[in-house]
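Peer 1: Sending over model.json (JSON, C-alpha atoms and all ligand atoms).
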```
[["chain", "number", "residue", "atom", "x", "y", "z"],
["A", 1, "MET", "CA", 152.31, 196.22, -26.51],
["A", 2, "VAL", "CA", 155.52, 194.28, -26.05],
["A", 3, "ASP", "CA", 158.34, 194.58, -28.56],
["A", 4, "ASP", "CA", 157.36, 195.61, -32.02],
["A", 5, "ASP", "CA", 153.71, 194.61, -31.81],
["A", 6, "ASP", "CA", 151.80, 197.67, -30.69],
["A", 7, "GLU", "CA", 148.44, 195.92, -30.61],
["A", 8, "GLU", "CA", 149.41, 193.09, -28.33],
["A", 9, "GLU", "CA", 147.65, 193.17, -24.97],
["A", 10, "ILE", "CA", 149.53, 192.93, -21.72],
["A", 11, "SER", "CA", 149.80, 189.32, -20.63],
["A", 12, "THR", "CA", 147.30, 188.60, -17.86],
["A", 13, "THR", "CA", 148.68, 185.14, -17.16],
["A", 14, "GLY", "CA", 151.34, 186.54, -14.85],
["A", 15, "HIS", "CA", 151.23, 185.26, -11.29],
["A", 16, "GLU", "CA", 153.14, 186.03, -8.15],
["A", 17, "SER", "CA", 156.46, 184.27, -8.45],
["A", 18, "PRO", "CA", 159.30, 184.02, -5.97],
["A", 19, "SER", "CA", 161.83, 186.79, -6.42],
["A", 20, "GLU", "CA", 164.53, 184.23, -7.31],
["A", 21, "LEU", "CA", 162.67, 183.78, -10.59],
["A", 22, "LYS", "CA", 163.42, 187.36, -11.55],
["A", 23, "ARG", "CA", 163.64, 187.36, -15.32],
["A", 24, "ILE", "CA", 164.62, 190.95, -15.94],
["A", 25, "ASP", "CA", 168.02, 192.05, -14.65],
["A", 26, "SER", "CA", 167.73, 195.74, -15.38],
["A", 27, "ILE", "CA", 165.68, 198.37, -17.17],
["A", 28, "GLN", "CA", 166.59, 201.34, -19.30],
["A", 29, "PHE", "CA", 164.32, 204.13, -18.13],
["A", 30, "GLY", "CA", 165.03, 207.50, -19.70],
["A", 31, "LEU", "CA", 168.62, 208.34, -18.85],
["A", 32, "TYR", "CA", 168.78, 205.73, -16.09],
["A", 33, "GLU", "CA", 169.78, 202.11, -16.19],
["A", 34, "ILE", "CA", 168.20, 200.62, -13.08],
["A", 35, "ASP", "CA", 168.77, 197.13, -11.61],
["A", 36, "SER", "CA", 165.50, 195.39, -10.88],
["A", 37, "TRP", "CA", 164.86, 194.03, -7.39],
["A", 38, "TYR", "CA", 161.95, 191.63, -7.83],
["A", 39, "TRP", "CA", 159.95, 189.66, -10.33],
["A", 40, "SER", "CA", 157.30, 191.48, -12.35],
["A", 41, "PRO", "CA", 154.91, 189.98, -14.90],
["A", 42, "TYR", "CA", 156.22, 191.98, -17.86],
["A", 43, "LEU", "CA", 157.08, 188.88, -19.84],
["A", 44, "ASP", "CA", 155.45, 185.52, -20.46],
["A", 45, "ASP", "CA", 156.71, 182.71, -18.26],
["A", 46, "ASP", "CA", 159.02, 181.29, -20.92],
["A", 47, "GLN", "CA", 160.60, 184.66, -21.74],
["A", 48, "THR", "CA", 163.67, 186.16, -20.17],
["A", 49, "THR", "CA", 165.80, 189.22, -20.86],
["A", 50, "THR", "CA", 168.80, 190.88, -19.31],
["A", 51, "LYS", "CA", 167.43, 194.31, -20.02],
["A", 52, "LEU", "CA", 163.99, 195.73, -20.69],
["A", 53, "TYR", "CA", 163.60, 199.13, -22.33],
["A", 54, "ILE", "CA", 160.83, 201.29, -20.90],
["A", 55, "CYS", "CA", 159.67, 204.65, -22.26],
["A", 56, "GLU", "CA", 159.80, 207.03, -19.31],
["A", 57, "TYR", "CA", 156.80, 209.04, -20.56],
["A", 58, "CYS", "CA", 154.14, 206.54, -21.69],
["A", 59, "LEU", "CA", 155.70, 203.54, -19.84],
["A", 60, "ARG", "CA", 155.45, 201.22, -22.86],
["A", 61, "TYR", "CA", 158.11, 198.55, -22.78],
["A", 62, "PHE", "CA", 160.34, 196.89, -25.34],
["A", 63, "LYS", "CA", 162.56, 193.85, -25.37],
["A", 64, "TYR", "CA", 164.80, 195.26, -28.08],
["A", 65, "LYS", "CA", 166.72, 198.50, -28.02],
["A", 66, "LYS", "CA", 166.02, 199.13, -31.70],
["A", 67, "ASN", "CA", 162.24, 199.20, -31.13],
["A", 68, "TYR", "CA", 162.64, 201.35, -28.05],
["A", 69, "GLU", "CA", 164.73, 203.89, -29.95],
["A", 70, "GLN", "CA", 162.22, 203.99, -32.79],
["A", 71, "HIS", "CA", 159.50, 204.68, -30.26],
["A", 72, "THR", "CA", 161.35, 207.39, -28.35],
["A", 73, "THR", "CA", 162.62, 209.20, -31.45],
["A", 74, "ASN", "CA", 159.48, 209.03, -33.57],
["A", 75, "GLY", "CA", 156.64, 207.11, -31.98],
["A", 76, "CYS", "CA", 155.97, 208.61, -28.58],
["A", 77, "THR", "CA", 153.75, 211.66, -28.27],
["A", 78, "ARG", "CA", 153.59, 211.74, -24.49],
["A", 79, "TYR", "CA", 155.86, 213.99, -22.43],
["A", 80, "GLN", "CA", 154.12, 213.91, -19.06],
["A", 81, "PRO", "CA", 151.80, 211.58, -17.11],
["A", 82, "PRO", "CA", 148.14, 211.57, -18.24],
["A", 83, "GLY", "CA", 145.41, 212.93, -15.98],
["A", 84, "ARG", "CA", 144.94, 216.19, -14.13],
["A", 85, "LYS", "CA", 147.81, 218.12, -12.61],
["A", 86, "ILE", "CA", 146.67, 218.57, -9.00],
["A", 87, "TYR", "CA", 149.91, 219.89, -7.55],
["A", 88, "GLU", "CA", 152.43, 222.27, -9.05],
["A", 89, "HIS", "CA", 155.33, 223.80, -7.15],
["A", 90, "PRO", "CA", 157.70, 226.46, -8.54],
["A", 91, "ASN", "CA", 160.57, 224.02, -7.82],
["A", 92, "GLY", "CA", 159.20, 221.84, -10.64],
["A", 93, "LEU", "CA", 157.59, 219.09, -8.54],
["A", 94, "SER", "CA", 154.15, 218.20, -9.83],
["A", 95, "VAL", "CA", 151.54, 215.54, -9.14],
["A", 96, "PHE", "CA", 149.14, 214.14, -11.71],
["A", 97, "GLU", "CA", 145.95, 212.40, -10.62],
["A", 98, "VAL", "CA", 145.44, 209.53, -13.06],
["A", 99, "ASP", "CA", 142.18, 207.57, -13.12],
["A", 100, "GLY", "CA", 142.72, 203.82, -13.62],
["A", 101, "GLN", "CA", 139.52, 203.68, -15.63],
["A", 102, "THR", "CA", 140.36, 206.36, -18.19],
["A", 103, "ALA", "CA", 144.11, 205.69, -18.47],
["A", 104, "GLN", "CA", 144.03, 201.93, -18.04],
["A", 105, "LEU", "CA", 147.12, 201.02, -20.04],
["A", 106, "TYR", "CA", 149.32, 203.69, -18.44],
["A", 107, "CYS", "CA", 148.24, 202.58, -14.96],
["A", 108, "GLN", "CA", 148.80, 198.90, -15.75],
["A", 109, "CYS", "CA", 152.30, 199.72, -17.00],
["A", 110, "LEU", "CA", 152.91, 201.79, -13.85],
["A", 111, "CYS", "CA", 151.98, 198.78, -11.70],
["A", 112, "LEU", "CA", 154.30, 196.51, -13.69],
["A", 113, "LEU", "CA", 157.14, 199.02, -13.26],
["A", 114, "ALA", "CA", 156.45, 199.32, -9.53],
["A", 115, "LYS", "CA", 156.52, 195.56, -9.07],
["A", 116, "LEU", "CA", 160.19, 195.48, -10.13],
["A", 117, "PHE", "CA", 160.95, 197.31, -6.88],
["A", 118, "LEU", "CA", 158.26, 195.96, -4.54],
["A", 119, "ASP", "CA", 158.26, 192.62, -2.82],
["A", 120, "ARG", "CA", 154.51, 192.57, -2.29],
["A", 121, "LYS", "CA", 152.03, 193.76, -4.82],
["A", 122, "THR", "CA", 148.63, 192.48, -5.69],
["A", 123, "ILE", "CA", 147.16, 194.43, -8.58],
["A", 124, "TYR", "CA", 148.60, 194.80, -12.06],
["A", 125, "PHE", "CA", 145.65, 194.69, -14.35],
["A", 126, "ASP", "CA", 142.46, 195.52, -12.43],
["A", 127, "VAL", "CA", 143.28, 199.20, -12.15],
["A", 128, "GLU", "CA", 139.82, 200.65, -12.80],
["A", 129, "GLY", "CA", 138.94, 200.97, -9.12],
["A", 130, "PHE", "CA", 142.05, 202.99, -8.31],
["A", 131, "LEU", "CA", 143.38, 206.52, -8.59],
["A", 132, "PHE", "CA", 147.10, 206.95, -9.15],
["A", 133, "TYR", "CA", 148.94, 209.99, -7.85],
["A", 134, "VAL", "CA", 152.05, 210.32, -9.98],
["A", 135, "LEU", "CA", 154.90, 212.50, -8.76],
["A", 136, "ALA", "CA", 157.01, 213.96, -11.57],
["A", 137, "LYS", "CA", 159.59, 216.68, -11.97],
["A", 138, "LEU", "CA", 159.63, 219.30, -14.70],
["A", 139, "ASP", "CA", 162.63, 219.01, -17.01],
["A", 140, "ASP", "CA", 165.13, 221.83, -16.48],
["A", 141, "ASN", "CA", 165.40, 222.53, -20.19],
["A", 142, "LYS", "CA", 162.42, 221.06, -22.02],
["A", 143, "ARG", "CA", 159.14, 222.87, -21.65],
["A", 144, "ASN", "CA", 156.12, 220.82, -20.40],
["A", 145, "THR", "CA", 158.27, 217.69, -20.11],
["A", 146, "TYR", "CA", 158.04, 215.77, -16.84],
["A", 147, "HIS", "CA", 160.18, 212.94, -15.46],
["A", 148, "LEU", "CA", 158.53, 210.26, -13.31],
["A", 149, "LEU", "CA", 159.86, 210.02, -9.75],
["A", 150, "GLY", "CA", 157.27, 207.78, -8.05],
["A", 151, "TYR", "CA", 153.60, 207.39, -7.26],
["A", 152, "PHE", "CA", 151.01, 205.99, -4.92],
["A", 153, "SER", "CA", 147.72, 204.32, -5.73],
["A", 154, "LYS", "CA", 144.51, 204.60, -3.80],
["A", 155, "GLU", "CA", 141.23, 202.73, -3.97],
["A", 156, "LYS", "CA", 138.40, 205.00, -5.07],
["A", 157, "PHE", "CA", 136.23, 203.50, -2.33],
["A", 158, "SER", "CA", 137.79, 201.65, 0.58],
["A", 159, "ASP", "CA", 135.54, 199.95, 3.14],
["A", 160, "GLU", "CA", 138.53, 199.45, 5.42],
["A", 161, "GLY", "CA", 139.46, 203.14, 5.49],
["A", 162, "TYR", "CA", 142.68, 202.65, 3.53],
["A", 163, "ASN", "CA", 144.01, 205.87, 2.02],
["A", 164, "LEU", "CA", 146.92, 204.29, 0.14],
["A", 165, "ALA", "CA", 147.26, 200.93, -1.60],
["A", 166, "CYS", "CA", 150.77, 200.98, -3.01],
["A", 167, "LEU", "CA", 153.67, 203.43, -2.98],
["A", 168, "MET", "CA", 156.83, 203.34, -5.07],
["A", 169, "VAL", "CA", 159.73, 205.73, -5.60],
["A", 170, "LEU", "CA", 162.13, 204.78, -8.39],
["A", 171, "PRO", "CA", 165.53, 203.73, -6.96],
["A", 172, "PRO", "CA", 167.55, 206.63, -8.49],
["A", 173, "HIS", "CA", 165.21, 209.06, -6.71],
["A", 174, "GLN", "CA", 165.02, 207.36, -3.32],
["A", 175, "ARG", "CA", 166.32, 208.95, -0.09],
["A", 176, "GLN", "CA", 165.45, 212.42, -1.32],
["A", 177, "GLY", "CA", 162.20, 212.89, 0.57],
["A", 178, "TYR", "CA", 159.84, 211.85, -2.25],
["A", 179, "GLY", "CA", 158.38, 208.91, -0.29],
["A", 180, "LYS", "CA", 157.52, 211.24, 2.56],
["A", 181, "PHE", "CA", 156.10, 213.72, 0.04],
["A", 182, "LEU", "CA", 153.72, 211.04, -1.28],
["A", 183, "ILE", "CA", 152.70, 209.92, 2.22],
["A", 184, "ALA", "CA", 152.04, 213.56, 3.18],
["A", 185, "LEU", "CA", 149.92, 214.04, 0.04],
["A", 186, "SER", "CA", 147.91, 210.90, 0.82],
["A", 187, "TYR", "CA", 147.04, 212.28, 4.26],
["A", 188, "GLU", "CA", 146.29, 215.75, 2.93],
["A", 189, "LEU", "CA", 143.78, 214.24, 0.47],
["A", 190, "THR", "CA", 142.25, 212.22, 3.31],
["A", 191, "ARG", "CA", 142.02, 215.33, 5.48],
["A", 192, "LEU", "CA", 140.33, 217.24, 2.66],
["A", 193, "GLU", "CA", 137.80, 214.41, 2.39],
["A", 194, "LYS", "CA", 137.16, 215.02, 6.12],
["A", 195, "LYS", "CA", 138.21, 211.46, 6.89],
["A", 196, "THR", "CA", 141.05, 209.68, 8.64],
["A", 197, "GLY", "CA", 142.92, 206.81, 7.03],
["A", 198, "SER", "CA", 145.74, 204.33, 7.10],
["A", 199, "PRO", "CA", 147.84, 202.56, 4.44],
["A", 200, "GLU", "CA", 146.96, 199.08, 3.27],
["A", 201, "LYS", "CA", 148.80, 196.35, 5.18],
["A", 202, "PRO", "CA", 151.24, 194.68, 5.23],
["A", 203, "LEU", "CA", 153.79, 197.42, 4.71],
["A", 204, "SER", "CA", 157.22, 196.68, 3.29],
["A", 205, "ASN", "CA", 160.22, 197.38, 5.51],
["A", 206, "LEU", "CA", 160.88, 200.61, 3.62],
["A", 207, "GLY", "CA", 157.21, 201.51, 3.96],
["A", 208, "GLN", "CA", 157.23, 200.94, 7.72],
["A", 209, "ILE", "CA", 160.26, 203.20, 8.15],
["A", 210, "GLY", "CA", 158.74, 205.91, 5.95],
["A", 211, "TYR", "CA", 155.37, 205.88, 7.71],
["A", 212, "LYS", "CA", 156.85, 205.83, 11.20],
["A", 213, "SER", "CA", 158.99, 208.83, 10.37],
["A", 214, "TYR", "CA", 156.02, 210.67, 8.87],
["A", 215, "PHE", "CA", 153.71, 209.92, 11.83],
["A", 216, "HIS", "CA", 156.30, 211.01, 14.36],
["A", 217, "SER", "CA", 157.25, 214.29, 12.71],
["A", 218, "THR", "CA", 153.62, 215.18, 11.93],
["A", 219, "ILE", "CA", 152.36, 214.43, 15.44],
["A", 220, "LEU", "CA", 155.28, 216.20, 17.12],
["A", 221, "ALA", "CA", 154.71, 219.30, 14.99],
["A", 222, "LYS", "CA", 151.00, 219.32, 15.81],
["A", 223, "LEU", "CA", 151.58, 218.82, 19.56],
["A", 224, "LYS", "CA", 154.22, 221.53, 19.58],
["A", 225, "SER", "CA", 151.85, 224.02, 17.95],
["A", 226, "TYR", "CA", 149.21, 223.25, 20.59],
["A", 227, "ILE", "CA", 151.74, 223.55, 23.41],
["A", 228, "ASN", "CA", 152.94, 226.90, 22.02],
["A", 229, "SER", "CA", 149.39, 228.21, 21.92],
["A", 230, "LYS", "CA", 148.77, 226.74, 25.40],
["A", 231, "MET", "CA", 145.81, 224.71, 24.16],
["A", 232, "ASN", "CA", 144.86, 221.12, 24.92],
["A", 233, "ILE", "CA", 144.39, 218.51, 22.25],
["A", 234, "THR", "CA", 142.69, 215.14, 22.35],
["A", 235, "ILE", "CA", 143.59, 212.00, 20.43],
["A", 236, "GLY", "CA", 140.46, 212.54, 18.36],
["A", 237, "GLN", "CA", 141.54, 216.06, 17.41],
["A", 238, "LEU", "CA", 145.06, 214.90, 16.61],
["A", 239, "SER", "CA", 143.59, 212.25, 14.35],
["A", 240, "GLU", "CA", 141.13, 214.60, 12.62],
["A", 241, "GLU", "CA", 143.64, 217.38, 12.09],
["A", 242, "THR", "CA", 146.32, 215.12, 10.63],
["A", 243, "GLY", "CA", 144.10, 212.58, 8.82],
["A", 244, "ILE", "CA", 146.05, 209.82, 10.64],
["A", 245, "CYS", "CA", 143.69, 207.17, 12.04],
["A", 246, "ILE", "CA", 143.34, 206.91, 15.83],
["A", 247, "ASP", "CA", 145.20, 203.56, 16.09],
["A", 248, "ASP", "CA", 148.23, 205.01, 14.31],
["A", 249, "VAL", "CA", 148.12, 208.18, 16.44],
["A", 250, "VAL", "CA", 148.04, 206.14, 19.67],
["A", 251, "GLN", "CA", 150.84, 203.83, 18.50],
["A", 252, "SER", "CA", 152.99, 206.84, 17.55],
["A", 253, "LEU", "CA", 152.46, 208.45, 20.97],
["A", 254, "ILE", "CA", 153.55, 205.19, 22.59],
["A", 255, "ASP", "CA", 156.59, 204.87, 20.29],
["A", 256, "LEU", "CA", 157.65, 208.44, 21.00],
["A", 257, "GLN", "CA", 157.34, 207.87, 24.75],
["A", 258, "ILE", "CA", 155.95, 211.34, 25.25],
["A", 259, "SER", "CA", 152.63, 210.25, 26.72],
["A", 260, "TYR", "CA", 150.58, 207.38, 27.96],
["A", 261, "THR", "CA", 146.90, 206.59, 27.92],
["A", 262, "ASN", "CA", 145.04, 205.96, 31.14],
["A", 263, "LEU", "CA", 141.64, 204.36, 30.95],
["A", 264, "ASN", "CA", 139.02, 205.25, 33.59],
["A", 265, "ASN", "CA", 141.53, 206.25, 36.19],
["A", 266, "GLU", "CA", 141.42, 209.98, 36.68],
["A", 267, "GLN", "CA", 143.25, 209.86, 40.01],
["A", 268, "ARG", "CA", 146.46, 208.71, 38.40],
["A", 269, "GLU", "CA", 146.64, 211.95, 36.50],
["A", 270, "GLU", "CA", 147.29, 214.12, 39.51],
["A", 271, "PRO", "CA", 151.01, 213.48, 40.13],
["A", 272, "HIS", "CA", 151.75, 214.26, 36.50],
["A", 273, "VAL", "CA", 150.00, 217.60, 36.25],
["A", 274, "LYS", "CA", 153.00, 219.77, 36.91],
["A", 275, "LYS", "CA", 154.83, 220.89, 33.76],
["A", 276, "LYS", "CA", 152.70, 218.56, 31.71],
["A", 277, "THR", "CA", 149.54, 219.06, 29.75],
["A", 278, "ILE", "CA", 146.63, 216.73, 30.28],
["A", 279, "HIS", "CA", 144.40, 215.92, 27.37],
["A", 280, "LYS", "CA", 141.14, 214.11, 27.74],
["A", 281, "GLN", "CA", 139.34, 212.16, 25.10],
["A", 282, "ARG", "CA", 136.01, 210.45, 25.27],
["A", 283, "ASP", "CA", 135.42, 207.62, 22.88],
["A", 284, "ASP", "CA", 131.73, 207.85, 22.11],
["A", 285, "ASN", "CA", 131.56, 204.37, 20.63],
["A", 286, "ASN", "CA", 132.44, 202.45, 23.75],
["A", 287, "ASN", "CA", 132.06, 205.22, 26.27],
["A", 288, "ILE", "CA", 135.54, 204.89, 27.67],
["A", 289, "SER", "CA", 137.29, 208.00, 28.91],
["A", 290, "SER", "CA", 140.95, 208.02, 28.10],
["A", 291, "PHE", "CA", 143.50, 210.57, 29.15],
["A", 292, "ILE", "CA", 146.70, 211.39, 27.41],
["A", 293, "ILE", "CA", 149.48, 213.02, 29.30],
["A", 294, "VAL", "CA", 152.01, 214.70, 27.10],
["A", 295, "ASP", "CA", 155.43, 215.63, 28.34],
["A", 296, "SER", "CA", 155.70, 219.15, 26.91],
["A", 297, "ASP", "CA", 159.46, 219.48, 27.42],
["A", 298, "ASN", "CA", 160.05, 216.20, 25.65],
["A", 299, "VAL", "CA", 157.84, 217.19, 22.70],
["A", 300, "VAL", "CA", 159.78, 220.43, 22.24],
["A", 301, "ASN", "CA", 163.14, 218.62, 22.50],
["A", 302, "LEU", "CA", 162.13, 215.91, 20.03],
["A", 303, "SER", "CA", 160.73, 218.50, 17.60],
["A", 304, "GLU", "CA", 163.96, 220.44, 17.68],
["A", 305, "ASN", "CA", 165.94, 217.26, 16.94],
["A", 306, "ASN", "CA", 163.73, 216.40, 13.99],
["A", 307, "HIS", "CA", 165.40, 217.90, 10.94],
["A", 308, "GLU", "CA", 163.71, 215.82, 8.27],
["A", 309, "LYS", "CA", 162.78, 217.95, 5.33],
["A", 310, "ASN", "CA", 159.23, 217.86, 4.06],
["A", 311, "LEU", "CA", 159.01, 218.68, 0.37],
["A", 312, "PHE", "CA", 155.23, 218.60, 0.26],
["A", 313, "ASP", "CA", 153.53, 221.98, 0.59],
["A", 314, "ALA", "CA", 149.72, 221.84, 0.65],
["A", 315, "ASN", "CA", 149.54, 225.44, -0.61],
["A", 316, "TYR", "CA", 150.41, 224.18, -4.10],
["A", 317, "LEU", "CA", 147.52, 221.70, -4.31],
["A", 318, "ARG", "CA", 144.87, 222.65, -6.84],
["A", 319, "LEU", "CA", 141.72, 221.31, -8.48],
["A", 320, "ILE", "CA", 140.98, 219.19, -5.43],
["A", 321, "GLY", "CA", 137.26, 218.82, -4.87],
["A", 322, "HIS", "CA", 136.47, 219.10, -8.57],
["A", 323, "ARG", "CA", 136.40, 215.41, -9.31],
["A", 324, "ARG", "CA", 133.80, 213.99, -11.55],
["B", 401, "ZN", "ZN", 156.46, 206.54, -24.95]]
```
Before we go any further, please render this structure as structure tokens.
Ligand SMILES: [Zn+2]
Peer 2:
Amino acid sequence: MVDDDDEEEISTTGHESPSELKRIDSIQFGLYEIDSWYWSPYLDDDQTTTKLYICEYCLRYFKYKKNYEQHTTNGCTRYQPPGRKIYEHPNGLSVFEVDGQTAQLYCQCLCLLAKLFLDRKTIYFDVEGFLFYVLAKLDDNKRNTYHLLGYFSKEKFSDEGYNLACLMVLPPHQRQGYGKFLIALSYELTRLEKKTGSPEKPLSNLGQIGYKSYFHSTILAKLKSYINSKMNITIGQLSEETGICIDDVVQSLIDLQISYTNLNNEQREEPHVKKKTIHKQRDDNNNISSFIIVDSDNVVNLSENNHEKNLFDANYLRLIGHRR
């Protein structure tokens, strides 16, 4: 697998090392030379290299440029991620659902690549229990050729209700809305499964910022649509309709300062009735009634100030619900 030996297995002796032990300075990835941020178990402990060469299509990696060039000019037959294309937009953005069991090597290489840019990461090799949603963009000139932008992984079965294990957008493609695209896709899949979910913790700093932004814009948009149609909405409905778990919905409402919850105290609602919409939610598990008061004016103002673009459009999802 490494260098010129195609049969060599990926080293499984790698362990989490402090980032100061980073042994790869940069990678060549398609047209991009990208500085690495953190340690990743690409190499054995006694190996080091200033630059690793990675095929942008099959994700195989090479210590020597000569071997990489041989591979990319003659050896590689892949031109897009493996798996099923589950999203295809006319703007060229596509998502491939890759099963860690059937495309084990590709998914392992994807995890190794991701680790170069992620401080925390736990799986590299045990990928069978995960699905990988790979975001790629169609080449402007080459037919059926896709360039990797980022991905997220998801446990096939999560007892904890996690809907995302790990998310990475390659540095040259960051700050262009692709992280938010992947988060939005993860919640759309959760919604289609008629569940609610939350990402695996702890989140990186970048992850926290991305999720907070997504929660706020999604919840504001949903509240605004209910206010416009003069309907009430409960926390439970907000959670179900967005796929965002109740804890994250409540925390977002608190962060946004557009509402507060009021447990078992209906009287306190009265002074706030004017110009505001009262939403009631009963939690059937512990039989506590909670009320949410939403400041309608504030929701509309905040929504109007939210200009973040959302690249994800659920209308272009396909083949969902046809899994094995
Ligand atoms: Zn290749």
Peer 1: Can you tell me, as a PyMOL selection string, what residues are no more than 10 Å from A:Gly207 when counting only C-alpha atoms, ignoring any on the same chain fewer than 6 positions away?
Peer 2: chain A and resi 166-168+179-180+183+199+201+213
Peer 1: What would the list of residues within 12 Å of (133.0, 213.0, 4.1) (file frame) look like as number ranges by chain, if only C-alpha atoms are what count?
Peer 2: A: 157, 161, 189-196, 240, 321
Peer 1: Produce a table with one row for each residue of chain A that has an atom at most 9 Å from any atom of ligand ZN 401 (chain B), each row naming the nearest atom pair and its distance in Å at one decimal; use only C-alpha atoms and all ligand atoms; arrange rows by chain and rising residue number; format as CSV.
Peer 2:
```
residue,atom,partner,partner_atom,distance
A:Ile54,CA,B:ZN401,ZN,7.9
A:Cys55,CA,B:ZN401,ZN,4.6
A:Glu56,CA,B:ZN401,ZN,6.6
A:Tyr57,CA,B:ZN401,ZN,5.1
A:Cys58,CA,B:ZN401,ZN,4.0
A:Leu59,CA,B:ZN401,ZN,6.0
A:Arg60,CA,B:ZN401,ZN,5.8
A:Tyr61,CA,B:ZN401,ZN,8.4
A:Tyr68,CA,B:ZN401,ZN,8.6
A:His71,CA,B:ZN401,ZN,6.4
A:Thr72,CA,B:ZN401,ZN,6.0
A:Gly75,CA,B:ZN401,ZN,7.1
A:Cys76,CA,B:ZN401,ZN,4.2
A:Thr77,CA,B:ZN401,ZN,6.7
A:Arg78,CA,B:ZN401,ZN,6.0
A:Tyr79,CA,B:ZN401,ZN,7.9
```
Peer 1: Separation of atom CA of A:Leu319 and atom CA of A:Gly150, in Å?
Peer 2: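 Separation between atom CA of A:Leu319 and atom CA of A:Gly150: 20.6 Å.
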Peer 1: Here's a test: counting only C-alpha atoms, identify every protein, DNA and RNA residue with an atom at most 12 Å from (158.1, 220.2, -19.8) in the file's coordinate frame, and state them as a list in words.
Peer 2: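 Returned residue set, sorted by chain then number, is Tyr57, Arg78, Tyr79, Gln80, Pro81, Gly92, Leu93, Ser94, Ala136, Lys137, Leu138, Asp139, Asp140, Asn141, Lys142, Arg143, Asn144, Thr145, Tyr146, His147 and Leu148 of chain A.
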Peer 1: Do you have the atom CA of A:Arg84-atom CA of A:Val98 distance handy?
Peer 2: 6.8 Å
Peer 1: Report, in Å to a single decimal, how far apart atom CA of A:Val169 and atom CA of A:Gln28 are.
Peer 2: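 So the answer is 15.9 Å.
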Peer 1: Quick one: axis-aligned box around all listed atoms of stretch 241-247 of chain A, 8 Å on every side, centre and edge lengths in Å to one decimal, written as JSON.
Peer 2:
```
{"center_x": 144.8, "center_y": 210.5, "center_z": 12.5, "size_x": 19.0, "size_y": 29.8, "size_z": 23.3}
```
Peer 1: Given all atoms listed in the file as the basis, pick out the residue of A:Leu170, A:Leu182, A:Leu52, A:Ile27 nearest to A:Asp313.
Peer 2: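 Checking each candidate against A:Asp313, we get A:Leu182 as the closest.
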